[in-house]
Amino acid sequence: MGVGTEAQKYVWEGAIPLQIHLHESEITTLPSPPPALILAPRIGYLPLLVPLIKPYFSSTLPPGSDTVWFDYKGLPLKWYIPTGVLFDLLCIGPERPWNLTSDPVWILQVHFRGYPGDLLSPCEGEESVKWSFINSLKEAAYIINGNCKNVMNMSQPDQLELWRSFSNGNMEGNLRISSKLKLGAVGEESATKVISHHHQQSSSETDFAGPGRTGRIPVRLYIRSIEEDVDDLEDVPHIDSWDRISYLNRPVEMHKDEGKIFTLSDAIKTLLPECFEDEPSIDEEMSRIELEDGAKSPESTLSNKDPENLGSARGTEPSEIKLIRIQGIEPKWDIPFSWVVSNLMNPEYYLHICVCIRVAQDPDKIW
Amino acid sequence: MESNLSCVSSMGMGSLSKAIRGYFTSVFSVYKVQRNDRELHLYDLHIVHSSSYRVPVLYFRGYNCEFIFPKDSYGLFLLVDGQPLALDDIKKDLPYHSSKILKDSRWTFMTQEEHPYLNRPWYALHPCGTSDWMKLLFDNEASVTENEEIVQQYLLSWLSVVGQVVGLRTPLEVFSKNTQCHVLF
């Protein structure tokens, strides 16, 4: 395996500019301390930023021991969700920094006291985040391979290097270690691997049963419902409780259909079949992939393929799904899912997808 | 330390294959661990199916309670503050061998997990080994067809192992054919 694709580099380099204010109840000095300005990696986690943030506020904190947590407009933030996913999920419309003409930042509050233990799992700093990461990686390995032996059997130095490279944003170092786990076979590649299984000794870690087997892809889906009469995403109400978000930690089963590419739309359909039940209206406005300047757009790579195989035969987007956002971009719905997974997944091998769905009834009544 | 399971309120329904692929949740109510004359730990235990590991997972959450009248026989108690017990407190209620494992595998044996339906922090017995040891107890999943009894047997086998980890003694009534079955989603 190489040192990562162009898209993966963008994923690793992606960052959210944060403006972090100390909660007013914890300010014991005058004048109040200015906010901390931090560039947070998309693939990282908020507690890992605490060593950078604390120096801004340590002189003004009340006495006691720290139990750090963050909130966005009063909503306590789940520390085990990657920062970029939190941002994509909670900042749907107008607050997204690059929509604003001034102060392009995501404004958060930090607390060092009063941890909301009934809402958030306890966090003891870097150790908690590291183990949450490793357990997610184990779960992803189990989904892909049917067992997590490869993760459990990692040597101590490898495990340390995996975590160090991740927390330092060192993509090459991280991919070098994680490639040893042999979790890279997704989508089209897994089909080739499955066929070659018959022709050569396969490694014991990739335990494919044979050509009939379908691939399971680790996916975490975050669903936000908005009411029917909200047409513009600029007008969506702010989320004041996690009960308004549905979370699905469910693998996508990829089926190999001869001649048909399994698309992102197909993947979402397997997770949310109820959104595809009605006969969808043809929506002419397809969202485009927004990659940085100079990046090769995946559309140009797709244009070489046989157009008959592009997109699903079903073809159209369902009317209910308003938005699909992955790593801050809104991919075309007929993009091959395997491309999405290989290039946009997080370092723990999970693909995090934020979806905004328009519902007819009260969004409080989520399935 | 006295611990018992007051009642099993529901079991999963449906075929094993459907149960494996779908979702079922069972709820055990009121698992009490008496600390002393005054204090009680109250646990909610839920069995939730994991679509990643394709096995049942035991979720639990404990609370501090106090007896209203410590010396009487009514055993009435109140929640102290409704805050969930921390792992350090839960550790005190575990059988010796489990608390030892907890010490050695701090982060991988009992993990803090968000409850998949209730959206709150709970604890879970990490399921990564379940499939392996269930193979020893439960023969040949592949031959199982749509059979409600098989589901119950699977769950009871699973519970007999998992229960011992947390010090749960499954009452014999659970094994009776007349156990009421409900499904909770």
# chains A, B, ... in the order shown; residues from 1 in each chain; ligands from 1
>>> select_by_dssp(residues="region 16-184 of chain A", states="strand (DSSP E)", output="PyMOL selection string")
chain A and resi 16-22+36-41+69-72+75-76+106-111
>>> residues_around(residues="region 51-66 of chain A", least_positions_apart="4", cutoff="8 Å", atoms="only C-alpha atoms", output="PDB file with N, CA, C and O atoms, in the first residue's frame")
ATOM      1  N   LEU A  22     -13.945  30.429  27.420  1.00  0.00           N
ATOM      2  CA  LEU A  22     -14.146  29.794  28.715  1.00  0.00           C
ATOM      3  C   LEU A  22     -15.544  30.157  29.186  1.00  0.00           C
ATOM      4  O   LEU A  22     -15.970  31.307  29.092  1.00  0.00           O
ATOM      5  N   GLU A  26     -16.842  30.079  35.021  1.00  0.00           N
ATOM      6  CA  GLU A  26     -15.531  29.647  35.480  1.00  0.00           C
ATOM      7  C   GLU A  26     -14.491  30.738  35.375  1.00  0.00           C
ATOM      8  O   GLU A  26     -13.307  30.514  35.592  1.00  0.00           O
ATOM      9  N   ILE A  27     -14.949  31.933  35.054  1.00  0.00           N
ATOM     10  CA  ILE A  27     -14.003  33.044  34.945  1.00  0.00           C
ATOM     11  C   ILE A  27     -13.936  33.731  36.297  1.00  0.00           C
ATOM     12  O   ILE A  27     -14.928  34.267  36.788  1.00  0.00           O
ATOM     13  N   THR A  28     -12.752  33.688  36.915  1.00  0.00           N
ATOM     14  CA  THR A  28     -12.622  34.273  38.249  1.00  0.00           C
ATOM     15  C   THR A  28     -11.822  35.562  38.249  1.00  0.00           C
ATOM     16  O   THR A  28     -11.581  36.151  39.286  1.00  0.00           O
ATOM     17  N   THR A  29     -11.351  35.985  37.085  1.00  0.00           N
ATOM     18  CA  THR A  29     -10.546  37.218  37.045  1.00  0.00           C
ATOM     19  C   THR A  29     -11.159  38.215  36.075  1.00  0.00           C
ATOM     20  O   THR A  29     -11.915  37.855  35.178  1.00  0.00           O
ATOM     21  N   PRO A  33     -10.617  36.419  30.113  1.00  0.00           N
ATOM     22  CA  PRO A  33      -9.557  36.041  29.186  1.00  0.00           C
ATOM     23  C   PRO A  33     -10.079  36.020  27.747  1.00  0.00           C
ATOM     24  O   PRO A  33     -11.241  35.721  27.526  1.00  0.00           O
ATOM     25  N   PRO A  34      -9.229  36.380  26.797  1.00  0.00           N
ATOM     26  CA  PRO A  34      -9.650  36.300  25.402  1.00  0.00           C
ATOM     27  C   PRO A  34      -9.814  34.836  24.996  1.00  0.00           C
ATOM     28  O   PRO A  34      -9.244  33.955  25.630  1.00  0.00           O
ATOM     29  N   PRO A  35     -10.579  34.580  23.941  1.00  0.00           N
ATOM     30  CA  PRO A  35     -10.791  33.188  23.528  1.00  0.00           C
ATOM     31  C   PRO A  35      -9.526  32.584  22.931  1.00  0.00           C
ATOM     32  O   PRO A  35      -8.657  33.285  22.431  1.00  0.00           O
ATOM     33  N   ALA A  36      -9.459  31.256  23.006  1.00  0.00           N
ATOM     34  CA  ALA A  36      -8.356  30.538  22.374  1.00  0.00           C
ATOM     35  C   ALA A  36      -8.709  30.310  20.910  1.00  0.00           C
ATOM     36  O   ALA A  36      -9.841  29.938  20.594  1.00  0.00           O
ATOM     37  N   ILE A  38      -7.847  27.999  17.873  1.00  0.00           N
ATOM     38  CA  ILE A  38      -7.174  26.718  17.621  1.00  0.00           C
ATOM     39  C   ILE A  38      -7.638  26.166  16.284  1.00  0.00           C
ATOM     40  O   ILE A  38      -8.825  26.233  15.962  1.00  0.00           O
ATOM     41  N   PHE A 112     -14.094  23.574  32.541  1.00  0.00           N
ATOM     42  CA  PHE A 112     -13.133  22.748  33.249  1.00  0.00           C
ATOM     43  C   PHE A 112     -13.736  22.137  34.500  1.00  0.00           C
ATOM     44  O   PHE A 112     -13.098  21.379  35.218  1.00  0.00           O
ATOM     45  N   ARG A 113     -14.984  22.458  34.766  1.00  0.00           N
ATOM     46  CA  ARG A 113     -15.685  21.948  35.950  1.00  0.00           C
ATOM     47  C   ARG A 113     -17.087  21.508  35.551  1.00  0.00           C
ATOM     48  O   ARG A 113     -17.581  21.802  34.480  1.00  0.00           O
TER      49      ARG A 113
END
>>> closest_residue(among="A:Gly117, A:Pro331, A:Pro157, A:Gly173", to="chain B", atoms="only C-alpha atoms")
A:Gly117
>>> interface_residues(of="chain B", to="chain A", cutoff="6 Å", atoms="only C-alpha atoms", output="number ranges by chain")
B: 51-52, 120-121
>>> residues_around(residues="Phe70 (chain A)", least_positions_apart="6", cutoff="8 Å", atoms="only C-alpha atoms", output="ChimeraX atom specification")
/A:46,76-77,108-111
>>> write_last_selection(atoms="C-alpha atoms", output="mmCIF file, in the first residue's frame")
data_model
loop_
_atom_site.group_PDB
_atom_site.id
_atom_site.type_symbol
_atom_site.label_atom_id
_atom_site.label_comp_id
_atom_site.auth_asym_id
_atom_site.auth_seq_id
_atom_site.Cartn_x
_atom_site.Cartn_y
_atom_site.Cartn_z
ATOM 1 C CA LEU A 46 -11.684 17.717 21.094
ATOM 2 C CA PRO A 76 -22.526 19.397 25.400
ATOM 3 C CA LEU A 77 -20.299 17.888 22.746
ATOM 4 C CA LEU A 108 -17.367 26.812 21.185
ATOM 5 C CA GLN A 109 -17.318 27.028 24.945
ATOM 6 C CA VAL A 110 -14.942 25.068 27.130
ATOM 7 C CA HIS A 111 -15.606 24.029 30.727
#
>>> atom_distance(atom1="CA of Val105 (chain A)", atom2="CA of Ile16 (chain A)")
7.5 Å
>>> closest_residue(among="B:Ile101, B:Val48, B:Leu125, B:Leu42", to="Pro84 (chain B)", atoms="only C-alpha atoms")
B:Leu42
>>> residues_around(residues="Phe67 (chain B)", least_positions_apart="4", cutoff="6 Å", atoms="only C-alpha atoms", output="PyMOL selection string")
chain B and resi 38+76-77
>>> atom_distance(atom1="CA of Asp44 (chain B)", atom2="CA of Gln153 (chain B)")
22.3 Å
